[in-house]
Amino acid sequence: MVVKVYGPDYACPKRVIVCLIEKEIEFETVHVDGFKREHKEAEYLKLQPFGLLPVIQDGDYTLYESRAILRYYAQKYKDQGTDLLGKTMEERGLVEQWLEVEAHNFNPPIYDLVMNVLVAPLLGLPSDPKVIEESDEKLKKVLDIYEERLSKTKYLAGDFFSLADLSHLPFGHYLVNQTGRGNIVRERKHVSAWWDDISNRPSWKKVLELYKYPM
């Protein structure tokens, strides 16, 4: 059964797609134009009642929330493709820990930056300088903690690539390449090396080749 992924141009669906590629799972994509608010239309809301991206359909099974989808496929196909969960319960615990860190510490400030630096101008809306300044400072503090962690291990959960690293790719791409803030990463030696490692994986390069960012 081919997995159907909605909204491949956007960051959170890209998180799902790179996981599917790593796990060697066949998929197809369905275009959803967020700028035309197609994710708020009645047909889409039948799949994702909160009107957010992504959602997947796998036969009769429908699932939304990108990190839930990551966990689902990484576990369902644990012995296929790249093992993204670790080999022991202790490694799995660290993968889950750093996935939570990404969701609650890294993602909120970079999301606010993207909305204010990239999205607002496209929509003709004013940016909030205070939010931008606060987000910059929050990201620096978060990445200081990452720098300490990555001085001891190659990847966040240990010496193996996992969902914890993969989940950073879509918004990390914005941070390094599109918000004019690549220095926040480059000024931190171990974070910079980690980013170069994960962003040069063939799976992520394929995502960027197939599905361009909308901005």
# chains A, B, ... in the order shown; residues from 1 in each chain; ligands from 1
$ residues_around --residues "Thr62 in chain A" --least-positions-apart "3" --cutoff "10 Å" --atoms "only C-alpha atoms" --output "list in words"
Val3, Lys4, Leu47, Gln48, Val55, Ile56, Gln57, Asp58, Gly59 and Ile69 of chain A
$ write_last_selection --atoms "all heavy atoms" --output "compact mmCIF listing (two decimals), in the first residue's frame"
# COMPACT_ATOMS: atom_id res chain seq x y z
N VAL A 3 1.80 5.01 0.75
CA VAL A 3 1.43 6.05 1.71
C VAL A 3 1.19 7.36 0.96
O VAL A 3 1.99 7.75 0.10
CB VAL A 3 2.54 6.24 2.76
CG1 VAL A 3 2.16 7.35 3.74
CG2 VAL A 3 2.82 4.94 3.50
N LYS A 4 0.12 8.05 1.29
CA LYS A 4 -0.21 9.33 0.67
C LYS A 4 0.08 10.44 1.66
O LYS A 4 -0.46 10.44 2.78
CB LYS A 4 -1.69 9.32 0.26
CG LYS A 4 -2.12 10.49 -0.60
CD LYS A 4 -3.60 10.41 -0.95
CE LYS A 4 -3.90 9.21 -1.84
NZ LYS A 4 -5.32 9.21 -2.28
N LEU A 47 -10.09 15.09 6.91
CA LEU A 47 -8.90 14.30 7.22
C LEU A 47 -8.15 14.83 8.43
O LEU A 47 -7.62 14.06 9.22
CB LEU A 47 -7.95 14.31 6.01
CG LEU A 47 -8.47 13.73 4.70
CD1 LEU A 47 -7.46 13.97 3.58
CD2 LEU A 47 -8.75 12.24 4.85
N GLN A 48 -8.08 16.17 8.52
CA GLN A 48 -7.33 16.83 9.60
C GLN A 48 -8.21 17.95 10.15
O GLN A 48 -8.21 19.06 9.63
CB GLN A 48 -6.02 17.40 9.04
CG GLN A 48 -4.80 17.32 9.96
CD GLN A 48 -4.91 18.16 11.24
OE1 GLN A 48 -5.99 18.60 11.64
NE2 GLN A 48 -3.79 18.39 11.89
N VAL A 55 -0.99 15.43 6.85
CA VAL A 55 -1.80 14.27 7.19
C VAL A 55 -1.36 13.18 6.23
O VAL A 55 -0.93 13.47 5.11
CB VAL A 55 -3.31 14.58 7.08
CG1 VAL A 55 -3.70 14.95 5.66
CG2 VAL A 55 -4.16 13.41 7.56
N ILE A 56 -1.42 11.93 6.68
CA ILE A 56 -1.12 10.81 5.78
C ILE A 56 -2.32 9.89 5.72
O ILE A 56 -3.12 9.79 6.67
CB ILE A 56 0.14 10.03 6.21
CG1 ILE A 56 -0.04 9.35 7.59
CG2 ILE A 56 1.37 10.92 6.20
CD1 ILE A 56 -0.40 7.88 7.52
N GLN A 57 -2.44 9.23 4.59
CA GLN A 57 -3.40 8.14 4.43
C GLN A 57 -2.62 6.90 4.01
O GLN A 57 -1.84 6.94 3.06
CB GLN A 57 -4.45 8.49 3.37
CG GLN A 57 -5.44 9.55 3.82
CD GLN A 57 -6.49 9.82 2.75
OE1 GLN A 57 -6.16 10.29 1.68
NE2 GLN A 57 -7.74 9.51 3.05
N ASP A 58 -2.84 5.83 4.73
CA ASP A 58 -2.15 4.57 4.47
C ASP A 58 -3.24 3.50 4.39
O ASP A 58 -3.63 2.92 5.41
CB ASP A 58 -1.16 4.28 5.59
CG ASP A 58 -0.22 3.13 5.27
OD1 ASP A 58 -0.53 2.37 4.33
OD2 ASP A 58 0.81 3.00 5.94
N GLY A 59 -3.78 3.30 3.18
CA GLY A 59 -4.96 2.45 3.06
C GLY A 59 -6.13 3.12 3.76
O GLY A 59 -6.45 4.27 3.49
N ILE A 69 3.51 10.71 13.22
CA ILE A 69 3.70 9.92 11.99
C ILE A 69 5.11 9.35 11.95
O ILE A 69 5.31 8.19 11.59
CB ILE A 69 3.41 10.80 10.76
CG1 ILE A 69 1.95 11.29 10.77
CG2 ILE A 69 3.69 10.02 9.48
CD1 ILE A 69 1.63 12.36 9.74
$ residues_around --residues "range 33-37 of chain A" --least-positions-apart "2" --cutoff "9 Å" --atoms "only C-alpha atoms" --output "count of residues only"
9
$ closest_residue --among "A:Leu113, A:Leu163, A:Val2, A:Leu20" --to "Glu137 in chain A" --atoms "only C-alpha atoms"
A:Leu113
$ closest_atom_pairs --of "range 43-119 of chain A" --to "range 142-157 of chain A" --cutoff "8 Å" --atoms "only C-alpha atoms" --output "JSON lines"
{"residue": "A:Glu91", "atom": "CA", "partner": "A:Ala157", "partner_atom": "CA", "distance": 6.7}
{"residue": "A:Leu94", "atom": "CA", "partner": "A:Ala157", "partner_atom": "CA", "distance": 5.1}
{"residue": "A:Val95", "atom": "CA", "partner": "A:Ala157", "partner_atom": "CA", "distance": 5.2}
{"residue": "A:Trp98", "atom": "CA", "partner": "A:Leu156", "partner_atom": "CA", "distance": 6.7}
{"residue": "A:Asn105", "atom": "CA", "partner": "A:Val142", "partner_atom": "CA", "distance": 6.7}
{"residue": "A:Phe106", "atom": "CA", "partner": "A:Val142", "partner_atom": "CA", "distance": 6.5}
$ write_last_selection --atoms "N, CA and C atoms" --output "PDB file, in the first residue's frame"
ATOM      1  N   GLU A  91      18.527   3.800  24.506  1.00  0.00           N
ATOM      2  CA  GLU A  91      18.696   4.633  23.312  1.00  0.00           C
ATOM      3  C   GLU A  91      17.358   5.197  22.858  1.00  0.00           C
ATOM      4  N   LEU A  94      16.417   8.191  24.877  1.00  0.00           N
ATOM      5  CA  LEU A  94      17.127   9.409  24.492  1.00  0.00           C
ATOM      6  C   LEU A  94      16.587   9.971  23.180  1.00  0.00           C
ATOM      7  N   VAL A  95      16.212   9.090  22.257  1.00  0.00           N
ATOM      8  CA  VAL A  95      15.575   9.567  21.014  1.00  0.00           C
ATOM      9  C   VAL A  95      14.298  10.329  21.356  1.00  0.00           C
ATOM     10  N   TRP A  98      15.041  13.798  23.010  1.00  0.00           N
ATOM     11  CA  TRP A  98      15.484  14.863  22.106  1.00  0.00           C
ATOM     12  C   TRP A  98      14.425  15.221  21.064  1.00  0.00           C
ATOM     13  N   ASN A 105      11.440  23.115  22.479  1.00  0.00           N
ATOM     14  CA  ASN A 105      12.480  24.128  22.703  1.00  0.00           C
ATOM     15  C   ASN A 105      13.040  24.718  21.416  1.00  0.00           C
ATOM     16  N   PHE A 106      13.287  23.862  20.420  1.00  0.00           N
ATOM     17  CA  PHE A 106      13.834  24.344  19.146  1.00  0.00           C
ATOM     18  C   PHE A 106      12.749  24.871  18.212  1.00  0.00           C
TER      19      PHE A 106
END
$ closest_residue --among "A:Ile132, A:Leu84, A:Ala103, A:Val119" --to "Asp159 in chain A" --atoms "only C-alpha atoms"
A:Leu84
$ select_by_dssp --residues "chain A" --states "strand (DSSP E or B)" --output "NGL selection string"
:A and (3-6 or 27-30 or 55-58 or 61-64 or 155 or 158)
$ closest_residue --among "A:Asp128, A:Arg186, A:Cys12, A:Lys87" --to "Pro54 in chain A" --atoms "only C-alpha atoms"
A:Cys12
$ closest_residue --among "A:Thr88, A:Thr179, A:Asn116, A:Ser167" --to "Ser199 in chain A" --atoms "only C-alpha atoms"
A:Ser167
$ atom_distance --atom1 "CA of Tyr6 in chain A" --atom2 "CA of Val30 in chain A"
4.7 Å
$ atom_distance --atom1 "CA of Ser66 in chain A" --atom2 "CA of Val16 in chain A"
6.0 Å
$ residues_around --residues "Leu166 in chain A" --least-positions-apart "3" --cutoff "8 Å" --atoms "only C-alpha atoms" --output "count of residues only"
8
$ residues_around --residues "Arg181 in chain A" --least-positions-apart "4" --cutoff "12 Å" --atoms "only C-alpha atoms" --output "list in words"
Ile110, Leu113, Val114, Val117, Ile132, Glu133, Ser135, Asp136, Glu137, Leu139, Lys140, Gly172, His173, Tyr174, Leu175, Val176, Asn177, Val185, Arg186 and Glu187 of chain A
$ select_by_dssp --residues "range 67-177 of chain A" --states "alpha helix (DSSP H)" --output "ChimeraX atom specification"
/A:67-76,89-101,107-113,120-122,129-150,163-166,169-177
$ closest_residue --among "A:Arg201, A:His190, A:His168, A:His104" --to "Ile21 in chain A" --atoms "only C-alpha atoms"
A:Arg201
$ decode --residues "range 33-62 of chain A" --atoms "C-alpha atoms" --output "short mmCIF file (atom, residue, chain, number, x, y, z; two decimals), in the first residue's frame"
data_model
loop_
_atom_site.label_atom_id
_atom_site.label_comp_id
_atom_site.auth_asym_id
_atom_site.auth_seq_id
_atom_site.Cartn_x
_atom_site.Cartn_y
_atom_site.Cartn_z
CA ASP A 33 -1.74 25.20 -1.31
CA GLY A 34 -1.49 26.75 2.13
CA PHE A 35 -1.44 30.30 0.76
CA LYS A 36 -4.82 29.62 -0.85
CA ARG A 37 -5.95 28.11 2.46
CA GLU A 38 -6.78 24.76 0.88
CA HIS A 39 -5.94 23.16 4.23
CA LYS A 40 -8.99 24.92 5.68
CA GLU A 41 -11.45 23.60 3.10
CA ALA A 42 -14.16 21.13 4.07
CA GLU A 43 -12.69 18.12 2.27
CA TYR A 44 -9.31 18.53 3.91
CA LEU A 45 -10.86 19.12 7.33
CA LYS A 46 -12.44 15.67 7.08
CA LEU A 47 -8.90 14.30 7.22
CA GLN A 48 -7.33 16.83 9.60
CA PRO A 49 -10.01 18.63 11.64
CA PHE A 50 -7.52 21.24 12.92
CA GLY A 51 -6.67 22.28 9.37
CA LEU A 52 -2.91 21.78 9.68
CA LEU A 53 -0.28 19.99 7.61
CA PRO A 54 0.59 17.18 7.23
CA VAL A 55 -1.80 14.27 7.19
CA ILE A 56 -1.12 10.81 5.78
CA GLN A 57 -3.40 8.14 4.43
CA ASP A 58 -2.15 4.57 4.47
CA GLY A 59 -4.96 2.45 3.06
CA ASP A 60 -7.86 2.95 5.45
CA TYR A 61 -5.58 4.41 8.13
CA THR A 62 -5.34 8.20 8.53
#
